Structures are given as C-alpha cells and as structure tokens.
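**Student:** My questions will all concern the structure given below.
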Amino acid sequence: MILFSAYMIIPFLWMFSMSLRLPKDSFTLPPSILPTTLNLDSYIEVFNKVPYLNFYWNSLKIALLTALGVVVVSTTAAYAFARLKFPGRDLLFILMLAGIMVPAQVTIIPQFIMMSKVGWKDNHLALIIPAFFNPIAIFLTRQHMKGIPASYEEAAFIDGAGYLRVFFSIIFPMSSGAVIVGAVLSFISSWNEFFRALIFLNTETKMTIPIGITLLRGTYGSGNLSTILAGVVLSMIASLIFYIFGQKYLIEGVTTGGIKG
C-alpha cells in the first residue's frame, strides 16, 4: 500500500514542483519530482491573467448548493425506497439505478433544449438543479437506511409519531454517515464538472474553475505551463479540504453500500 500510495502521489508532487519553477525550466530532463525552486510568480500570474477568485466563488457556490440539494433529494428518496411500501417501489428503484449507466453525453442535448426553454442557459441553475438527482447517493443512503432495525420505527409509531417525525428524529440522524458520503461525492463531482459547464456557461464572469483553467492555456495552448499548473494546484484546495473532513464517513458509507440490504 505504501508503494501504491507513492505511485499515486508522484504526479501531484510533479505538478506542485512544476508550478514553482521558472517557465524556462518546465521541460527539463530528467523531470524533477520535488520542488527545486520557490518561485511564486506563477501563482501571482494566475490572478493577474484571469478573474480566478470569481471562478473560485462560482465553483464553490455551485458545489455547495448542489451538495445541499443532493442531501435533501437522496435522503427523502432513500427513505421512501428503504422504509415505505408502495406499488412499483422495486421497479422504480431499478429504473433509478439504471441512470448510473447513462453517460452525461447522451442526455446533454435534451438538457440543453430544456434549459434554453426555461431561460437557464448561461445560468448556474443549469448546473445545480439537474445535479440534485444523484443515483449513487440515493443508493448508498438507501442501503444504510435498510440496515437500521425496524424496532426504532415501531417504538416511535406506538408513541404516536408519524412518518415525517420518524424520518427527521430517527432515520435521518442515524444515517448521517451516508448523508455525508453523498454530500462529499456530489461536492467533488460538481467542483470538477467541466463538460456541462462548457456547454451551458458562456459569460466569463459566470465560468467555473475547470473552464477558467482552460483560459490560462491561452490561444492555441500557448500559455505558461507553470501558471496553468499553479491554477490546478489552487483548484484542488477546496475539494481536498471537503474530502479530508468527510473521509471517515466516505469509507464507512462505501462499505455499508456494498452490503446487500
């Protein structure tokens, strides 16, 4: 595992060291994995060349709102699939899981037509609202909720609690691990979203970090490589912090999701 971890971290070390070098040293052979200089001009150039802070704010806003929406949708849908009985429940759950197998490129044309008709083209809502439906988050949360003993619900029903009270007072708090997993996965996915952001966003002031980094490349990819990698390093900070805080729950949630409910 140590060797595998070292193998995985080498590209990140190279990227970080490259962002600290002078442009003339970008393609030295053999490439140096560790930083050889401490030149911060590339990081300063990132903010001078493009409105990077604006890109950062756009990405953070979209990712946080998406994560919040995924939590609301996934927990309520998972509760219905795991604890309620209604006709067609299992069939509907299978159809929901089928959404995992459909690539985003297949549905982008009808999505674009729909967003244009509702006036959300070149609007952050086009990236936020459709991302609320996350089959993976629903699946993981549903598996977790199915593992909660029914005796908790039965005791609450005997005391006169309704379904909403049971959900908010018992099921939701006991599923906090799975909820955090869904939030972390949706945040990172939204933060790294490039394809749909490229399709829906046209105005520079509304662009997100993945699109903004392409602006650092310049015309015909003639941009400074050190500056581009400095922008990439800065873009990793928010998602890395979000992942570190949710790492424990992420491992537990994936493990629980692998258990047949």
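Identifiers in the structure tokens: chain A, B, ... in order shown; residue index from 1 per chain; ligand index from 1 in order shown.
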Might you pull out every residue within 8 Å of Ile211 of chain A, with only C-alpha atoms counted and same-chain residues fewer than 5 positions away left off, and present them as a list in words?

**Tutor:** Phe194, Ala197 and Leu198 of chain A

**Student:** Could the residues in this selection be saved with N, CA and C atoms as a compact mmCIF listing (two decimals), in the first residue's frame?

**Tutor:**
# COMPACT_ATOMS: atom_id res chain seq x y z
N PHE A 194 -16.82 19.76 -15.82
CA PHE A 194 -16.28 20.51 -16.97
C PHE A 194 -17.22 20.45 -18.17
N ALA A 197 -20.55 22.42 -17.75
CA ALA A 197 -20.21 23.84 -17.58
C ALA A 197 -19.77 24.45 -18.90
N LEU A 198 -19.05 23.67 -19.70
CA LEU A 198 -18.61 24.16 -21.00
C LEU A 198 -19.79 24.38 -21.94

**Student:** Got a sec: who's within 9 Å of Gly212 of chain A, counting only C-alpha atoms, leaving out chain neighbours fewer than 2 positions off, as a PyMOL selection string?

**Tutor:** chain A and resi 50-52+55+204+207-210+214-216+231

**Student:** Would you mind exporting C-alpha atoms of the selected residues as a CSV table (one decimal), in the first residue's frame?

**Tutor:**
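Ended up saving to part03.csv:
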chain,number,residue,atom,x,y,z
A,50,VAL,CA,-7.9,35.7,-15.3
A,51,PRO,CA,-10.6,36.6,-12.6
A,52,TYR,CA,-9.6,33.5,-10.7
A,55,PHE,CA,-14.2,31.5,-10.8
A,204,GLU,CA,-16.6,34.8,-18.4
A,207,MET,CA,-17.5,30.5,-15.5
A,208,THR,CA,-16.2,27.9,-13.0
A,209,ILE,CA,-12.7,26.9,-12.2
A,210,PRO,CA,-12.4,23.9,-14.7
A,214,THR,CA,-8.6,26.4,-19.9
A,215,LEU,CA,-8.4,30.2,-20.3
A,216,LEU,CA,-4.9,30.1,-18.7
A,231,GLY,CA,-4.1,27.2,-11.2

**Student:** Residues within 10 Å of Pro130 of chain A, please, as a PyMOL selection string. Count only C-alpha atoms; anything in the same chain fewer than 3 positions from it doesn't count.

**Tutor:** chain A and resi 66+69-70+111+115+125-127+133-134

**Student:** One decimal, Å: what's the distance from atom CA of Leu60 of chain A over to atom CA of Ala131 of chain A, could you say?

**Tutor:** 14.6 Å

**Student:** Take atom CA of Asn192 of chain A and atom CA of Tyr56 of chain A and report the distance between them in Å, one decimal.

**Tutor:**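 We find that atom CA of Asn192 of chain A and atom CA of Tyr56 of chain A lie 11.6 Å from each other.
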
**Student:** Do a neighbour search on segment 79-92 of chain A at 9 Å with only C-alpha atoms, toss out local chain neighbours closer than 6 positions, and write the hits as number ranges by chain.

**Tutor:** A: 141-146, 150, 167, 171-172, 261

**Student:** So, with only C-alpha atoms as the atoms that count, which of A:Ala78, A:Ile213, A:Val73, A:Leu3 lies closest to Phe93 of chain A?

**Tutor:**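 Going through A:Ala78, A:Ile213, A:Val73, A:Leu3 one by one, the smallest distance to Phe93 of chain A is for A:Ala78.
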
**Student:** Which distance in Å separates atom CA of Phe242 of chain A and atom CA of Val181 of chain A, to one decimal?

**Tutor:**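 Going from atom CA of Phe242 of chain A over to atom CA of Val181 of chain A, I get 10.8 Å.
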
**Student:** According to DSSP computed on the backbone, where in segment 99-242 of chain A is there helix (DSSP H, G or I)? Give the residues as a ChimeraX atom specification.

**Tutor:** /A:99-101,104-117,125-128,130-132,135-146,150-158,163-174,176-191,195-200,204-206,209-216,219-221,225-242

**Student:** What does the file look like for those residues with C-alpha atoms, as a short mmCIF file (atom, residue, chain, number, x, y, z; two decimals), in the first residue's frame?

**Tutor:**
data_model
loop_
_atom_site.label_atom_id
_atom_site.label_comp_id
_atom_site.auth_asym_id
_atom_site.auth_seq_id
_atom_site.Cartn_x
_atom_site.Cartn_y
_atom_site.Cartn_z
CA GLY A 99 -29.48 6.21 -14.54
CA ILE A 100 -25.95 5.36 -13.39
CA MET A 101 -25.31 3.59 -16.69
CA ALA A 104 -23.95 12.58 -19.44
CA GLN A 105 -23.14 13.00 -23.14
CA VAL A 106 -26.26 11.02 -24.08
CA THR A 107 -28.66 13.39 -22.33
CA ILE A 108 -26.88 16.70 -22.93
CA ILE A 109 -28.94 17.67 -26.00
CA PRO A 110 -32.39 17.34 -24.35
CA GLN A 111 -30.93 19.04 -21.25
CA PHE A 112 -29.70 21.95 -23.33
CA ILE A 113 -33.09 22.31 -25.05
CA MET A 114 -34.87 22.18 -21.69
CA MET A 115 -32.55 24.75 -20.07
CA SER A 116 -32.98 27.06 -23.05
CA LYS A 117 -36.77 26.89 -22.82
CA LEU A 125 -29.09 26.87 -12.14
CA ALA A 126 -28.48 24.75 -15.24
CA LEU A 127 -25.61 23.09 -13.37
CA ILE A 128 -27.22 22.98 -9.92
CA PRO A 130 -30.20 18.71 -12.65
CA ALA A 131 -27.40 17.53 -10.35
CA PHE A 132 -29.82 17.13 -7.43
CA PRO A 135 -28.44 7.77 -8.15
CA ILE A 136 -25.24 6.80 -6.33
CA ALA A 137 -26.09 8.97 -3.31
CA ILE A 138 -29.63 7.57 -3.24
CA PHE A 139 -28.33 4.01 -3.45
CA LEU A 140 -25.76 4.40 -0.66
CA THR A 141 -28.25 6.16 1.63
CA ARG A 142 -30.94 3.59 0.93
CA GLN A 143 -28.58 0.72 1.77
CA HIS A 144 -27.68 2.42 5.02
CA MET A 145 -31.31 3.04 5.97
CA LYS A 146 -32.25 -0.58 5.27
CA ALA A 150 -37.30 -1.65 12.42
CA SER A 151 -37.79 -1.64 16.19
CA TYR A 152 -36.85 2.06 16.30
CA GLU A 153 -39.69 2.92 13.94
CA GLU A 154 -42.16 0.65 15.65
CA ALA A 155 -41.47 2.26 19.04
CA ALA A 156 -41.93 5.71 17.53
CA PHE A 157 -45.20 4.74 15.83
CA ILE A 158 -46.52 3.35 19.12
CA TYR A 163 -43.60 9.21 9.05
CA LEU A 164 -42.11 12.69 8.94
CA ARG A 165 -41.32 12.66 12.66
CA VAL A 166 -39.71 9.23 12.32
CA PHE A 167 -37.66 10.42 9.37
CA PHE A 168 -36.35 13.62 10.97
CA SER A 169 -35.94 12.30 14.52
CA ILE A 170 -34.71 8.74 13.93
CA ILE A 171 -33.82 7.70 10.39
CA PHE A 172 -32.07 10.87 9.25
CA PRO A 173 -29.79 11.25 12.32
CA MET A 174 -28.86 7.56 12.20
CA SER A 176 -25.61 10.82 8.95
CA GLY A 177 -22.64 8.81 7.65
CA ALA A 178 -24.34 8.01 4.35
CA VAL A 179 -25.63 11.59 4.09
CA ILE A 180 -22.09 12.96 4.41
CA VAL A 181 -20.89 10.47 1.80
CA GLY A 182 -23.45 11.76 -0.68
CA ALA A 183 -22.55 15.35 0.11
CA VAL A 184 -18.81 14.75 -0.35
CA LEU A 185 -19.22 12.85 -3.61
CA SER A 186 -21.62 15.41 -5.07
CA PHE A 187 -19.43 18.33 -3.98
CA ILE A 188 -16.31 16.90 -5.61
CA SER A 189 -18.21 15.90 -8.74
CA SER A 190 -19.76 19.36 -9.07
CA TRP A 191 -16.45 21.08 -8.31
CA PHE A 195 -18.50 19.07 -19.69
CA ARG A 196 -21.84 20.58 -18.72
CA ALA A 197 -20.21 23.84 -17.58
CA LEU A 198 -18.61 24.16 -21.00
CA ILE A 199 -21.98 23.64 -22.68
CA PHE A 200 -24.17 25.89 -20.52
CA GLU A 204 -16.65 34.79 -18.40
CA THR A 205 -17.95 36.16 -15.09
CA LYS A 206 -20.13 33.06 -14.66
CA ILE A 209 -12.68 26.86 -12.23
CA PRO A 210 -12.42 23.95 -14.74
CA ILE A 211 -13.43 26.32 -17.53
CA GLY A 212 -11.29 29.13 -16.14
CA ILE A 213 -8.19 26.94 -16.18
CA THR A 214 -8.62 26.44 -19.91
CA LEU A 215 -8.39 30.24 -20.28
CA LEU A 216 -4.94 30.06 -18.67
CA THR A 219 -4.77 30.80 -27.64
CA TYR A 220 -3.66 27.52 -29.25
CA GLY A 221 -2.40 26.27 -25.88
CA LEU A 225 2.75 25.65 -18.16
CA SER A 226 3.84 26.73 -14.69
CA THR A 227 0.91 29.18 -14.50
CA ILE A 228 -1.56 26.54 -15.68
CA LEU A 229 -0.38 24.04 -13.07
CA ALA A 230 -0.46 26.74 -10.39
CA GLY A 231 -4.13 27.24 -11.22
CA VAL A 232 -4.70 23.48 -10.98
CA VAL A 233 -2.98 23.31 -7.59
CA LEU A 234 -5.14 26.15 -6.26
CA SER A 235 -8.28 24.47 -7.61
CA MET A 236 -7.58 21.36 -5.53
CA ILE A 237 -7.66 23.13 -2.15
CA ALA A 238 -11.44 23.30 -1.60
CA SER A 239 -12.21 19.74 -2.73
CA LEU A 240 -9.26 18.41 -0.71
CA ILE A 241 -10.48 20.11 2.46
CA PHE A 242 -14.03 18.86 1.88
#

**Student:** With only C-alpha atoms as the counted atoms, please give the residues lying no more than 12 Å from Arg21 of chain A, apart from itself and same-chain residues fewer than 5 positions off, as a PyMOL selection string.

**Tutor:** chain A and resi 14-16+26-28+31-43+224-230
